[in-house]
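Visitor: After the structure tokens below, expect a handful of questions from me.
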Amino acid sequence: MKMMKKTLLAASVAAFASTGAMAEISDGKVKIGVLADMGGVYADICGQGCVTATQMAVEDFGGTVLGAPIEIVSADDQLKPDVGSAIVRKWVENEQVDAVGGMVSSAVTGAATKVTTDAKKIALISTSASNAFTTKQCSPYNVHWTYNVVALAKGTVKPMVEAGKKKWFFITADYAFGHALEGVATKVIEENGGEVVGAARAPLGTTDFSSYILQAQSSGADVVALANAGNDTVNSLKAASEFGLTQMMDVAGLLVFTPNAQAMDPNVAGGMRTTTGFYWDLDEKTREWSKRFMERHGSIPAMGHAGAYSMTMHYLKAIEAAGTDDSDAVIRKMKEMKPDDFFSRNATLRNDGRMVHDMYYVEIKKPDERRDDNDIFKVVSTIPGDQAYAPMLPECDFK
Amino acid sequence: MKINKFYVVMLLLALVAPFVLYPVFLAKLLCFALFACAFNLMLGYVGLLSFGHAAFLGTGGYITGWLMMNSGLTPEIAILLGTAAAGVLGAIYGKLSVKREGIYFAMVTLALSQLVFFIYLQAPFTGGEDGMQGVPRGNLFGLIDLSDNLNMYYFVLAIFLFGFWLIHRTIHSPFGQVLKAIRENEPRAVSLGYNVNDYKWVAFTISAALAGLAGSTKTLVFQLASLTDVHWHMSGEVVLMTLVGGVGTIFGPVVGAGVIVTMQNYLSGGELGNYIHIIMGFIFVVCVLAFRSGIVGEFQKVWKRNFG
């Protein structure tokens with residue numbers, strides 16, 4: 001009986017290639033929502049660029065999966081958790097969205113992933129940094145792709161503490177991401193015999209960092225760590241250099257995206273070391289993709305852009321392999337299959353949803369080292385995935 | 001009699017609406033409609049422009065959210081307590097602010113609400129910029145599962161109708177008549193022997209409590225309380241809703257909230273998403289310049305001229 005059913009199904013698939021297969025796809029299409037910051041401080045690192053990258057993945061995949069068309073919708077979360085979660089709620093409850101990608105601010109992602117988890121839809125997180133989505137707030141439907149705060153802290157902070165920079169001061173973005181990064185980095189510092197002498201919390205989107213820089217100046221620290229991102233990093237580094245802080249102590253940018261590094265004064269930022277999940281100029285494969293992205297978007301990709309492409313591709317491949325867009329089946333396939341493309345090197349998607357892959361410890365090039373505006377990082381070392389990320393928590397081991 | 005028929009038709013529409021439109025959107029609309037109605041009680045019937053009503057919306061939201069997450073209370077109790085908290089805050093703020101009028105009243109309420117904003121920004125229980133995430137909707141009376149959007153919508157509708165009825169009742173009571181008298185000519189109300197400040201204070205407290213009720217309900221709908229609700233932008237938005245709909249009319253704020261929330265909802269996803277504030281500002285300017293009594297107010301005028 002079962003055999004016959006299969007034969008029948010195969011026959012119908014052969015006869016009506018598209019309609020037959022579409023039966024396995026809910027609503028006759030696969031719809032991906034891209035939630036990003038279109039106009040705020042993170043617009044350069046995952047705004048329209050994340051939509052473009054997702055679009056590229058869909059086009060490269062062929063525009064259809066199992067005969068069903070792939071659609072993309074996008075929206076601006078304005079970096080507000082209430083706006084973001086309301087959009088995602090509308091998408092998954094009312095607009096047949098199957099997976100939500102993009103995702104920048106960890107505060108928004110925290111609220112949005114609660115909605116996707118309740119609705120049993122897959123959250124593909126490209127640019128958020130907090131490690132909560134695969135630890136404290138872990139969910140069987142979360143997939144966290146590009147990097148997280150653990151990788152940043154281990155990659156950037158550890159070598160500096162080991163090199164004798166023992167006293168640290170933090171300038172932290174005052175929300176989920178900054179708190180997580182500061183917390184993880186503090187642990188790394190203390191484990192390696194250093195100490196944290198103080199921290200200043202600056203609201204997201206602060207433009208005047210002078211009071212925080214003055215606090216840092218009087219703290220007596222060896223290193224001032226910038227636990228912020230996007231334009232906040234650019235602005236705080238600018239203030240640090242204006243106040244002469246960069247001459248007094250080391251400034252460590254814990255999270256520096258390429259578009260932001262581009263916007264920094266190379267005389268100030270040159271020589272600063274940081275950790276990244278991707279750099280466009282690594283080898284032929286990354287250059288090939290990045291060139292295509294540049295043609296479409298107008299600037300070099302940040303790691304989140306490449307991550308958005310890579311995770312969308314992996315998601316679509318998993319739908320094809322699973323033969324359905326049912327979230328449970330797709331997520332199982334995503335975890336079984338090894339992600340392998342220009343972005344994901346030596347990669348596995350763990351059961352907790354953490355994509356573990358090679359990370360890069362990079363140095364921002366000094367002005368005389370740069371061939372052009374896009375020549376920003378040089379790779380100091382490659383950090384193997386299992387050293388970059390924390391081990392999986394047993395309670396987050398979703399099989 | 002005619003007006004009664006109108007109410008019945010509106011109620012029937014509200015009852016069938018969730019089968020046509022997305023229930024969460026409708027619930028959001030009702031929450032803001034209630035918020036605007038509460039605000040209108042002050043601006044429309046006492047003639048005082050409060051620029052700090054977001055503080056009460058947010059307080060209701062945060063208290064209810066916190067109770068839902070930490071106390072195991074059922075949603076109706078949590079909403080009641082959230083409303084009460086906003087009412088208490090309103091009573092304190094009212095006492096401090098009703099002694100002043102006009103721009104000074106607006107400034108005092110704005111300053112007090114900013115105070116609350118920064119407390120919520122820094123207080124650990126609110127989650128700061130992250131907001132209070134993952135508030136459970138719970139079971140109404142321990143029985144009805146509110147995680148179902150339809151159930152949630154009808155619950156919100158019931159709350160809205162209660163709030164709307166209360167405002168209607170207040171306006172048409174002797175107390176409401178005194179409020180209108182104060183609005184029209186305060187010295188005369190004083191000379192008639194009314195203790196004007198006490199009347200204003202009670203009206204302010206009712207208004208604040210109802211704003212808190214709207215905030216509490218909104219938190220349950222979205223399962224999130226965030227700084228947006230206490231930000232002064234929200235205080236401005238409710239002014240906009242009330243003015244667009246029609247100040248001092250009972251249905252004006254409902255219509256105004258409907259217009260603004262619908263615009264936000266449909267524009268935010270589309271091509272015009274980046275221009276939403278410009279469009280809303282433009283509408284505001286047109287409203288103030290061309291039809292000052294708002295959509296409902298103008299409609300009533302036309303109706304009166306032709307049929308009244």
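Following the order of the structure tokens, first chain is A, next is B, and so on, with residues numbered from 1 inside each chain and ligands from 1 in the order they appear.
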Counting only C-alpha atoms, a student should be able to say which residues of chain B come within 7 Å of chain A; what is the right answer, written as an MDAnalysis selection string?

Guide: chainID B and resid 22 128:131 133:134 222 224 226 269

Visitor: Write the residues of the preceding selection, restricted to N, CA and C atoms, as an mmCIF file, in the first residue's frame.

Guide:
data_model
loop_
_atom_site.group_PDB
_atom_site.id
_atom_site.type_symbol
_atom_site.label_atom_id
_atom_site.label_comp_id
_atom_site.auth_asym_id
_atom_site.auth_seq_id
_atom_site.Cartn_x
_atom_site.Cartn_y
_atom_site.Cartn_z
ATOM 1 N N TYR B 22 -6.840 41.141 10.262
ATOM 2 C CA TYR B 22 -5.913 40.470 11.175
ATOM 3 C C TYR B 22 -6.218 40.888 12.626
ATOM 4 N N GLY B 128 15.315 47.724 30.205
ATOM 5 C CA GLY B 128 15.908 48.867 29.496
ATOM 6 C C GLY B 128 15.516 48.913 28.031
ATOM 7 N N GLU B 129 16.515 49.082 27.186
ATOM 8 C CA GLU B 129 16.266 49.198 25.745
ATOM 9 C C GLU B 129 15.706 47.913 25.137
ATOM 10 N N ASP B 130 15.990 46.777 25.784
ATOM 11 C CA ASP B 130 15.506 45.507 25.238
ATOM 12 C C ASP B 130 13.993 45.377 25.399
ATOM 13 N N GLY B 131 13.462 46.092 26.365
ATOM 14 C CA GLY B 131 12.048 45.951 26.664
ATOM 15 C C GLY B 131 11.802 44.700 27.489
ATOM 16 N N GLN B 133 10.475 41.354 27.444
ATOM 17 C CA GLN B 133 10.147 40.459 26.337
ATOM 18 C C GLN B 133 9.488 39.177 26.808
ATOM 19 N N GLY B 134 8.669 38.606 25.957
ATOM 20 C CA GLY B 134 8.082 37.306 26.232
ATOM 21 C C GLY B 134 7.090 37.311 27.382
ATOM 22 N N PHE B 222 0.775 42.297 22.566
ATOM 23 C CA PHE B 222 2.073 42.149 21.896
ATOM 24 C C PHE B 222 3.061 41.328 22.703
ATOM 25 N N LEU B 224 4.824 42.194 25.016
ATOM 26 C CA LEU B 224 6.042 42.986 25.125
ATOM 27 C C LEU B 224 5.691 44.364 25.678
ATOM 28 N N SER B 226 7.683 48.019 26.109
ATOM 29 C CA SER B 226 8.971 48.605 25.745
ATOM 30 C C SER B 226 8.976 50.104 25.970
ATOM 31 N N GLY B 269 5.673 48.697 6.059
ATOM 32 C CA GLY B 269 6.269 47.628 5.273
ATOM 33 C C GLY B 269 6.572 48.036 3.846
#

Visitor: For Met311 (chain A), list every protein, DNA or RNA residue within 9 Å, evaluated using only C-alpha atoms, and leave out those in the same chain fewer than 4 positions away; present the list as a list in words.

Guide: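 These residues fall inside the cut-off: Thr54, Ala57, Gly101, Leu124, Ile125, Ser126, Val143, His144, Trp145, Thr146, Ala306, Gly307, Tyr315, Leu316 and Pro339 of chain A.
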
Visitor: Return the single residue from A:Ala221, A:Ile376, A:Met248, A:Ala347 that is closest to Gly194 (chain A), with distances computed using only C-alpha atoms.

Guide: A:Ala221

Visitor: Smallest atom-to-atom distance to Val157 (chain A): which of A:Ala119, A:Ala318, A:Ala388, A:Met313, using only C-alpha atoms?

Guide: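 Using only C-alpha atoms, Val157 (chain A) sits closest to A:Ala388.
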
Visitor: With only C-alpha atoms as the counted atoms, please give the residues lying no more than 8 Å from Ser310 (chain A), apart from itself and same-chain residues fewer than 6 positions off, as a list of chain:residue names.

Guide: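 Non-adjacent residues within range: A:Ala57, A:Asp341, A:Phe343, A:Ser344.
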
Visitor: Using only C-alpha atoms, which residues sit within 12 Å of region 288-294 of chain A once same-chain residues fewer than 3 positions away are excluded, as an mmCIF file with N, CA and C atoms, in the first residue's frame?

Guide:
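Listing of result_23.cif after writing:
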data_model
loop_
_atom_site.group_PDB
_atom_site.id
_atom_site.type_symbol
_atom_site.label_atom_id
_atom_site.label_comp_id
_atom_site.auth_asym_id
_atom_site.auth_seq_id
_atom_site.Cartn_x
_atom_site.Cartn_y
_atom_site.Cartn_z
ATOM 1 N N GLN A 48 19.564 47.495 4.006
ATOM 2 C CA GLN A 48 19.207 47.059 2.653
ATOM 3 C C GLN A 48 20.168 45.970 2.172
ATOM 4 N N GLY A 49 21.427 46.026 2.653
ATOM 5 C CA GLY A 49 22.423 45.033 2.248
ATOM 6 C C GLY A 49 21.998 43.615 2.580
ATOM 7 N N CYS A 50 21.353 43.424 3.722
ATOM 8 C CA CYS A 50 20.893 42.086 4.101
ATOM 9 C C CYS A 50 19.778 41.625 3.166
ATOM 10 N N VAL A 51 18.943 42.565 2.736
ATOM 11 C CA VAL A 51 17.886 42.211 1.787
ATOM 12 C C VAL A 51 18.511 41.809 0.450
ATOM 13 N N THR A 52 19.494 42.618 0.015
ATOM 14 C CA THR A 52 20.179 42.320 -1.247
ATOM 15 C C THR A 52 20.855 40.952 -1.195
ATOM 16 N N ALA A 53 21.548 40.680 -0.088
ATOM 17 C CA ALA A 53 22.249 39.399 0.034
ATOM 18 C C ALA A 53 21.260 38.234 0.002
ATOM 19 N N THR A 54 20.140 38.382 0.691
ATOM 20 C CA THR A 54 19.122 37.323 0.697
ATOM 21 C C THR A 54 18.558 37.138 -0.708
ATOM 22 N N GLN A 55 18.309 38.267 -1.358
ATOM 23 C CA GLN A 55 17.821 38.248 -2.744
ATOM 24 C C GLN A 55 18.795 37.491 -3.650
ATOM 25 N N MET A 56 20.095 37.761 -3.464
ATOM 26 C CA MET A 56 21.110 37.092 -4.287
ATOM 27 C C MET A 56 21.071 35.586 -4.075
ATOM 28 N N ALA A 57 20.900 35.178 -2.816
ATOM 29 C CA ALA A 57 20.850 33.741 -2.519
ATOM 30 C C ALA A 57 19.666 33.105 -3.229
ATOM 31 N N ASP A 60 20.469 32.945 -6.953
ATOM 32 C CA ASP A 60 21.466 31.918 -7.244
ATOM 33 C C ASP A 60 20.886 30.518 -7.080
ATOM 34 N N PHE A 278 34.006 37.005 8.734
ATOM 35 C CA PHE A 278 34.146 36.999 7.282
ATOM 36 C C PHE A 278 34.912 38.235 6.870
ATOM 37 N N TYR A 279 35.750 38.079 5.826
ATOM 38 C CA TYR A 279 36.336 39.259 5.214
ATOM 39 C C TYR A 279 36.296 39.048 3.711
ATOM 40 N N TRP A 280 35.972 40.088 2.985
ATOM 41 C CA TRP A 280 35.709 39.897 1.552
ATOM 42 C C TRP A 280 36.936 39.466 0.778
ATOM 43 N N ASP A 281 38.130 39.849 1.243
ATOM 44 C CA ASP A 281 39.343 39.645 0.463
ATOM 45 C C ASP A 281 40.165 38.468 0.987
ATOM 46 N N LEU A 282 39.487 37.365 1.332
ATOM 47 C CA LEU A 282 40.221 36.220 1.879
ATOM 48 C C LEU A 282 40.839 35.378 0.784
ATOM 49 N N ASP A 283 40.031 35.017 -0.196
ATOM 50 C CA ASP A 283 40.536 34.217 -1.305
ATOM 51 C C ASP A 283 39.633 34.404 -2.526
ATOM 52 N N GLU A 284 39.866 33.576 -3.527
ATOM 53 C CA GLU A 284 39.146 33.743 -4.788
ATOM 54 C C GLU A 284 37.631 33.639 -4.596
ATOM 55 N N LYS A 285 37.212 32.688 -3.738
ATOM 56 C CA LYS A 285 35.770 32.460 -3.564
ATOM 57 C C LYS A 285 35.080 33.660 -2.905
ATOM 58 N N HIS A 297 25.167 46.334 -4.527
ATOM 59 C CA HIS A 297 24.917 47.136 -3.327
ATOM 60 C C HIS A 297 25.737 48.420 -3.285
ATOM 61 N N GLY A 298 26.871 48.424 -3.983
ATOM 62 C CA GLY A 298 27.661 49.642 -4.042
ATOM 63 C C GLY A 298 28.779 49.740 -3.026
ATOM 64 N N SER A 299 28.814 48.812 -2.059
ATOM 65 C CA SER A 299 29.939 48.826 -1.122
ATOM 66 C C SER A 299 30.297 47.390 -0.757
ATOM 67 N N ILE A 300 31.472 47.242 -0.136
ATOM 68 C CA ILE A 300 31.910 45.886 0.196
ATOM 69 C C ILE A 300 31.002 45.279 1.269
ATOM 70 N N PRO A 301 30.859 43.949 1.236
ATOM 71 C CA PRO A 301 29.956 43.322 2.198
ATOM 72 C C PRO A 301 30.523 43.312 3.614
ATOM 73 N N ALA A 302 29.642 43.507 4.587
ATOM 74 C CA ALA A 302 30.001 43.268 5.983
ATOM 75 C C ALA A 302 29.763 41.783 6.251
ATOM 76 N N MET A 303 30.257 41.286 7.388
ATOM 77 C CA MET A 303 30.140 39.840 7.629
ATOM 78 C C MET A 303 28.676 39.384 7.671
ATOM 79 N N HIS A 305 26.218 40.487 5.915
ATOM 80 C CA HIS A 305 25.691 40.340 4.552
ATOM 81 C C HIS A 305 26.033 38.961 4.005
ATOM 82 N N ALA A 306 27.315 38.615 4.128
ATOM 83 C CA ALA A 306 27.748 37.310 3.641
ATOM 84 C C ALA A 306 27.023 36.199 4.399
ATOM 85 N N GLY A 307 26.850 36.414 5.706
ATOM 86 C CA GLY A 307 26.133 35.439 6.524
ATOM 87 C C GLY A 307 24.698 35.278 6.062
ATOM 88 N N ALA A 308 24.052 36.405 5.734
ATOM 89 C CA ALA A 308 22.660 36.357 5.287
ATOM 90 C C ALA A 308 22.535 35.534 4.003
ATOM 91 N N TYR A 309 23.502 35.717 3.102
ATOM 92 C CA TYR A 309 23.492 34.936 1.864
ATOM 93 C C TYR A 309 23.664 33.457 2.177
ATOM 94 N N SER A 310 24.700 33.187 2.970
ATOM 95 C CA SER A 310 25.067 31.801 3.253
ATOM 96 C C SER A 310 23.940 31.047 3.956
ATOM 97 N N ASP A 341 30.376 26.818 1.889
ATOM 98 C CA ASP A 341 30.435 27.745 0.765
ATOM 99 C C ASP A 341 31.556 28.739 1.021
ATOM 100 N N PHE A 342 31.573 29.820 0.279
ATOM 101 C CA PHE A 342 32.651 30.807 0.422
ATOM 102 C C PHE A 342 32.718 31.373 1.843
ATOM 103 N N PHE A 343 31.573 31.359 2.541
ATOM 104 C CA PHE A 343 31.504 31.934 3.878
ATOM 105 C C PHE A 343 31.807 30.904 4.954
ATOM 106 N N ASN A 374 38.854 49.909 -0.185
ATOM 107 C CA ASN A 374 38.242 48.652 0.239
ATOM 108 C C ASN A 374 39.230 47.712 0.908
#

Visitor: Find the residues around region 200-212 of chain B up to 8 Å (only C-alpha atoms counted), leave out those fewer than 2 positions away in its own chain, and share them as a PyMOL selection string.

Guide: chain B and resi 34-36+38-39+41-42+46+53+56-61+82-91+94-95+98+163+179+196-198+214-216

Visitor: As a ChimeraX atom specification, please: all residues of region 15-171 of chain B that backbone DSSP puts in alpha helix (DSSP H).

Guide: /B:15-16,23-43,54-70,75-97,102-122,149-171

Visitor: Compile the contact shell of region 139-148 of chain B as an MDAnalysis selection string: residues with an atom at most 10 Å away, counting only C-alpha atoms, same-chain residues fewer than 6 positions apart removed.

Guide: (chainID A and resid 118) or (chainID B and resid 23 73:77 154:155 220:221 223)

Visitor: Would you save the residues from that selection as a PDB file, in the first residue's frame, using C-alpha atoms?

Guide:
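Contents of the output file selection32.pdb:
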ATOM      1  CA  ASP A 118       5.799  30.367  19.370  1.00  0.00           C
TER       2      ASP A 118
ATOM      3  CA  PRO B  23      -7.057  40.284  14.847  1.00  0.00           C
ATOM      4  CA  LEU B  73      -1.714  36.084  38.428  1.00  0.00           C
ATOM      5  CA  THR B  74      -4.427  35.721  35.815  1.00  0.00           C
ATOM      6  CA  PRO B  75      -4.461  38.395  33.092  1.00  0.00           C
ATOM      7  CA  GLU B  76      -7.562  40.241  34.318  1.00  0.00           C
ATOM      8  CA  ILE B  77      -6.026  40.765  37.779  1.00  0.00           C
ATOM      9  CA  TYR B 154     -12.696  39.788  21.996  1.00  0.00           C
ATOM     10  CA  PHE B 155     -11.125  40.324  25.399  1.00  0.00           C
ATOM     11  CA  LEU B 220      -0.738  41.450  26.676  1.00  0.00           C
ATOM     12  CA  VAL B 221      -1.562  41.725  22.971  1.00  0.00           C
ATOM     13  CA  GLN B 223       3.566  40.173  24.785  1.00  0.00           C
TER      14      GLN B 223
END

Visitor: Figure out the distance between CA of Ala55 (chain B) and CA of Ser113 (chain B), please, to one decimal in Å.

Guide: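 For CA of Ser113 (chain B) relative to CA of Ala55 (chain B), the distance reads 5.0 Å.
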
Visitor: Just list as a PyMOL selection string whatever in region 159-374 of chain A DSSP marks as strand (DSSP E or B).

Guide: chain A and resi 167-173+195-202+223-227+250-253+273-276+348-349+354-356+359-364

Visitor: Calculate how many Å separate CA of Val251 (chain A) from CA of Val234 (chain A), rounding to one decimal.

Guide: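 Calculated distance between CA of Val251 (chain A) and CA of Val234 (chain A) is 12.2 Å.
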
Visitor: Could you jot down the CA of Ala199 (chain A) to CA of Asn228 (chain A) separation for me, Å, one decimal place?

Guide: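 Atom-to-atom, CA of Ala199 (chain A) to CA of Asn228 (chain A), that is 12.3 Å.
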
Visitor: Which of these, A:Ile331, A:Met264, A:Met249, A:Leu349, has the shortest distance to Asn235 (chain A) once you count only C-alpha atoms?

Guide: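 The closest residue to Asn235 (chain A) is A:Met264.
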